[in-house]
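S.K.: First the structure, which I've put down as structure tokens, then a few questions once you've had a look.
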Amino acid sequence: MKTIDITVTRYDPENSPVPYEQTYTIPYDDEMVVLDGLNYIKDHVDGSLSYRWSCRMGVCGSCGMTVNGVPKLTCAVFLKDYPQGVRVGPMDHFPVVRDLVIEMDDFMDKLRAVKPWMIREQEKPVEEGEYLQSPEELQLFRQFSMCINCGLCYAACPVYAADKSFIGPAAIALAHRYDMDSREEGQDQRAEVIGSHEGIWECSFVGECSVVCPKHVDPAAAIQRSKVQLTKDHILGLLWPWGKS
Ligand code: SF4
Ligand code: FES
């Protein structure tokens with residue numbers, strides 16, 4: 001069987017304040033993803049290695065790490081694509097708890113801040129039935145609803161790297177998902193968040209968030225579309241203070 005070197009960043013703050021790297025040489029075949037390699041290490045070589053995962057199928061969003069310098073879902077990249085060896089570290093721009101496990105509280109707070117739920121001024125009575133939506137209306141936001149909250153886009157974002165108050169790509173894509181929903185009436189409430197100093201205007205449109213996104217959410221597009229919409233709303237608000245499009 002072929003072997004591969006997997007070099008992993010280790011960090012154990014209780015015993016050593018400085019991260020270090022450890023290399024494991026393990027057998028592998030063409031079917032094994034990077035996460036399988038980590039699982040092999042944990043099961044057969046070093047049970048102390050710490051990392052997160054759950055579904056192993058690109059759905060739960062918990063296995064994000066830095067693989068040879070790039071944010072990746074480790075269940076979605078194959079060891080055979082790194083024949084020279086693979087270097088695995090925790091995702092950049094997040095505090096590290098231990099080894100490859102990161103702290104995601106700030107990320108989750110930002111998702112919550114954009115009010116990712118249906119907001120309506122007045123609910124219609126239940127007996128009047130569902131809020132119907134056409135396939136065309138669904139397509140307007142469907143792409144932005146595919147986010148699995150993996151955080152890869154924050155690990156790739158140079159703006160978030162420089163300023164942790166930036167609300168960030170996934171949160172803005174999530175706000176856009178709701179803003180584009182035909183059943184939704186909370187756009188003004190979200191505009192207060194995404195249009196703030198920490199919101200869309202901080203984005204310098206590097207676009208790496210969309211490059212690394214494993215679900216093709218395209219947060220960069222959501223940010224630019226939101227800039228256009230808020231600018232339009234602002235101008236219309238100046239021209240017709242009593243209403244906008
Ligand atoms: S937008 Fe993409 S990269 Fe960012 S958290 Fe969602 S799925 Fe992950
Ligand atoms: S283990 Fe769930 S997305 Fe990778």
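Naming scheme: A, B, ... for chains in displayed order of the structure tokens; residues 1 onward per chain; ligands 1 onward as shown.
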If you run DSSP on this backbone, which residues of stretch 1-242 of chain A come out as strand (DSSP E or B), and could you give them as a PyMOL selection string?
M.R.: chain A and resi 2-12+16-28+33+64-67+70-73+78+86-89+96-98+101-102
S.K.: Enumerate as a list in words the residues within 8 Å of ligand 2, counting only C-alpha atoms and all ligand atoms.
M.R.: Leu35, Arg52, Trp53, Ser54, Cys55, Arg56, Met57, Gly58, Val59, Cys60, Gly61, Ser62, Cys63, Gly64, Leu73, Thr74, Cys75, Ala76, Ile148 and Cys150 of chain A
S.K.: Once you have the residues from the selection above, write them out as a PDB file, in the first residue's frame, restricted to N, CA and C atoms.
M.R.:
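out.pdb written:
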```
ATOM      1  N   LEU A  35      -9.736  13.804   5.682  1.00  0.00           N
ATOM      2  CA  LEU A  35     -10.355  13.448   6.963  1.00  0.00           C
ATOM      3  C   LEU A  35     -10.121  11.971   7.300  1.00  0.00           C
ATOM      4  N   ARG A  52     -12.621  18.328  14.493  1.00  0.00           N
ATOM      5  CA  ARG A  52     -14.082  18.159  14.429  1.00  0.00           C
ATOM      6  C   ARG A  52     -14.497  17.544  13.101  1.00  0.00           C
ATOM      7  N   TRP A  53     -15.479  16.704  13.150  1.00  0.00           N
ATOM      8  CA  TRP A  53     -16.133  16.239  11.932  1.00  0.00           C
ATOM      9  C   TRP A  53     -17.423  15.541  12.337  1.00  0.00           C
ATOM     10  N   SER A  54     -18.289  15.319  11.343  1.00  0.00           N
ATOM     11  CA  SER A  54     -19.505  14.586  11.655  1.00  0.00           C
ATOM     12  C   SER A  54     -20.001  13.776  10.465  1.00  0.00           C
ATOM     13  N   CYS A  55     -20.406  14.452   9.383  1.00  0.00           N
ATOM     14  CA  CYS A  55     -21.158  13.735   8.326  1.00  0.00           C
ATOM     15  C   CYS A  55     -20.279  12.989   7.332  1.00  0.00           C
ATOM     16  N   ARG A  56     -19.085  13.460   7.102  1.00  0.00           N
ATOM     17  CA  ARG A  56     -18.162  12.936   6.073  1.00  0.00           C
ATOM     18  C   ARG A  56     -18.759  13.008   4.666  1.00  0.00           C
ATOM     19  N   MET A  57     -19.654  13.920   4.437  1.00  0.00           N
ATOM     20  CA  MET A  57     -20.246  14.040   3.098  1.00  0.00           C
ATOM     21  C   MET A  57     -20.541  15.488   2.715  1.00  0.00           C
ATOM     22  N   GLY A  58     -19.794  16.436   3.259  1.00  0.00           N
ATOM     23  CA  GLY A  58     -19.934  17.821   2.835  1.00  0.00           C
ATOM     24  C   GLY A  58     -21.256  18.465   3.189  1.00  0.00           C
ATOM     25  N   VAL A  59     -21.864  18.021   4.281  1.00  0.00           N
ATOM     26  CA  VAL A  59     -23.179  18.544   4.658  1.00  0.00           C
ATOM     27  C   VAL A  59     -23.149  19.296   5.990  1.00  0.00           C
ATOM     28  N   CYS A  60     -22.425  18.759   6.984  1.00  0.00           N
ATOM     29  CA  CYS A  60     -22.513  19.358   8.327  1.00  0.00           C
ATOM     30  C   CYS A  60     -21.662  20.619   8.471  1.00  0.00           C
ATOM     31  N   GLY A  61     -20.630  20.756   7.671  1.00  0.00           N
ATOM     32  CA  GLY A  61     -19.789  21.957   7.719  1.00  0.00           C
ATOM     33  C   GLY A  61     -18.798  21.992   8.866  1.00  0.00           C
ATOM     34  N   SER A  62     -18.587  20.861   9.554  1.00  0.00           N
ATOM     35  CA  SER A  62     -17.754  20.913  10.763  1.00  0.00           C
ATOM     36  C   SER A  62     -16.287  20.556  10.538  1.00  0.00           C
ATOM     37  N   CYS A  63     -15.902  20.068   9.349  1.00  0.00           N
ATOM     38  CA  CYS A  63     -14.540  19.537   9.168  1.00  0.00           C
ATOM     39  C   CYS A  63     -13.626  20.519   8.458  1.00  0.00           C
ATOM     40  N   GLY A  64     -13.943  21.816   8.470  1.00  0.00           N
ATOM     41  CA  GLY A  64     -13.103  22.804   7.798  1.00  0.00           C
ATOM     42  C   GLY A  64     -11.738  22.943   8.454  1.00  0.00           C
ATOM     43  N   LEU A  73     -12.919  21.756   3.157  1.00  0.00           N
ATOM     44  CA  LEU A  73     -13.602  20.717   3.921  1.00  0.00           C
ATOM     45  C   LEU A  73     -12.739  19.471   3.787  1.00  0.00           C
ATOM     46  N   THR A  74     -12.247  18.940   4.903  1.00  0.00           N
ATOM     47  CA  THR A  74     -11.311  17.814   4.793  1.00  0.00           C
ATOM     48  C   THR A  74     -11.996  16.522   4.345  1.00  0.00           C
ATOM     49  N   CYS A  75     -13.330  16.483   4.405  1.00  0.00           N
ATOM     50  CA  CYS A  75     -14.032  15.297   3.900  1.00  0.00           C
ATOM     51  C   CYS A  75     -14.244  15.383   2.395  1.00  0.00           C
ATOM     52  N   ALA A  76     -13.823  16.495   1.782  1.00  0.00           N
ATOM     53  CA  ALA A  76     -14.100  16.696   0.357  1.00  0.00           C
ATOM     54  C   ALA A  76     -12.831  16.799  -0.484  1.00  0.00           C
ATOM     55  N   ILE A 148     -23.541  25.901   4.490  1.00  0.00           N
ATOM     56  CA  ILE A 148     -23.511  24.890   5.560  1.00  0.00           C
ATOM     57  C   ILE A 148     -22.749  25.411   6.790  1.00  0.00           C
ATOM     58  N   CYS A 150     -19.755  26.470   7.310  1.00  0.00           N
ATOM     59  CA  CYS A 150     -18.449  25.848   7.553  1.00  0.00           C
ATOM     60  C   CYS A 150     -17.397  26.859   7.988  1.00  0.00           C
TER      61      CYS A 150
END
```
S.K.: Got a sec to check which residues lie within 10 Å of ligand 1, using only C-alpha atoms and all ligand atoms, and send them as a ChimeraX atom specification?
M.R.: /A:58-62,64,71-73,107,111,143-157,168-174,208-220,222
S.K.: Work out how far apart atom CA of A:Glu198 and atom CA of A:Trp242 are and give it in Å to one decimal.
M.R.: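 Distance reported for this atom pair: 27.4 Å.
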S.K.: Please return, as number ranges by chain, all residues of stretch 5-137 of chain A that DSSP assigns to helix (DSSP H, G or I) on the basis of the backbone.
M.R.: A: 34-45, 79-81, 105-113, 126-128, 135-137
S.K.: List the neighbours of A:Met32 out to 7 Å using only C-alpha atoms; skip same-chain residues closer than 5 positions along the sequence, and give me the result as a count of residues only.
M.R.: 3
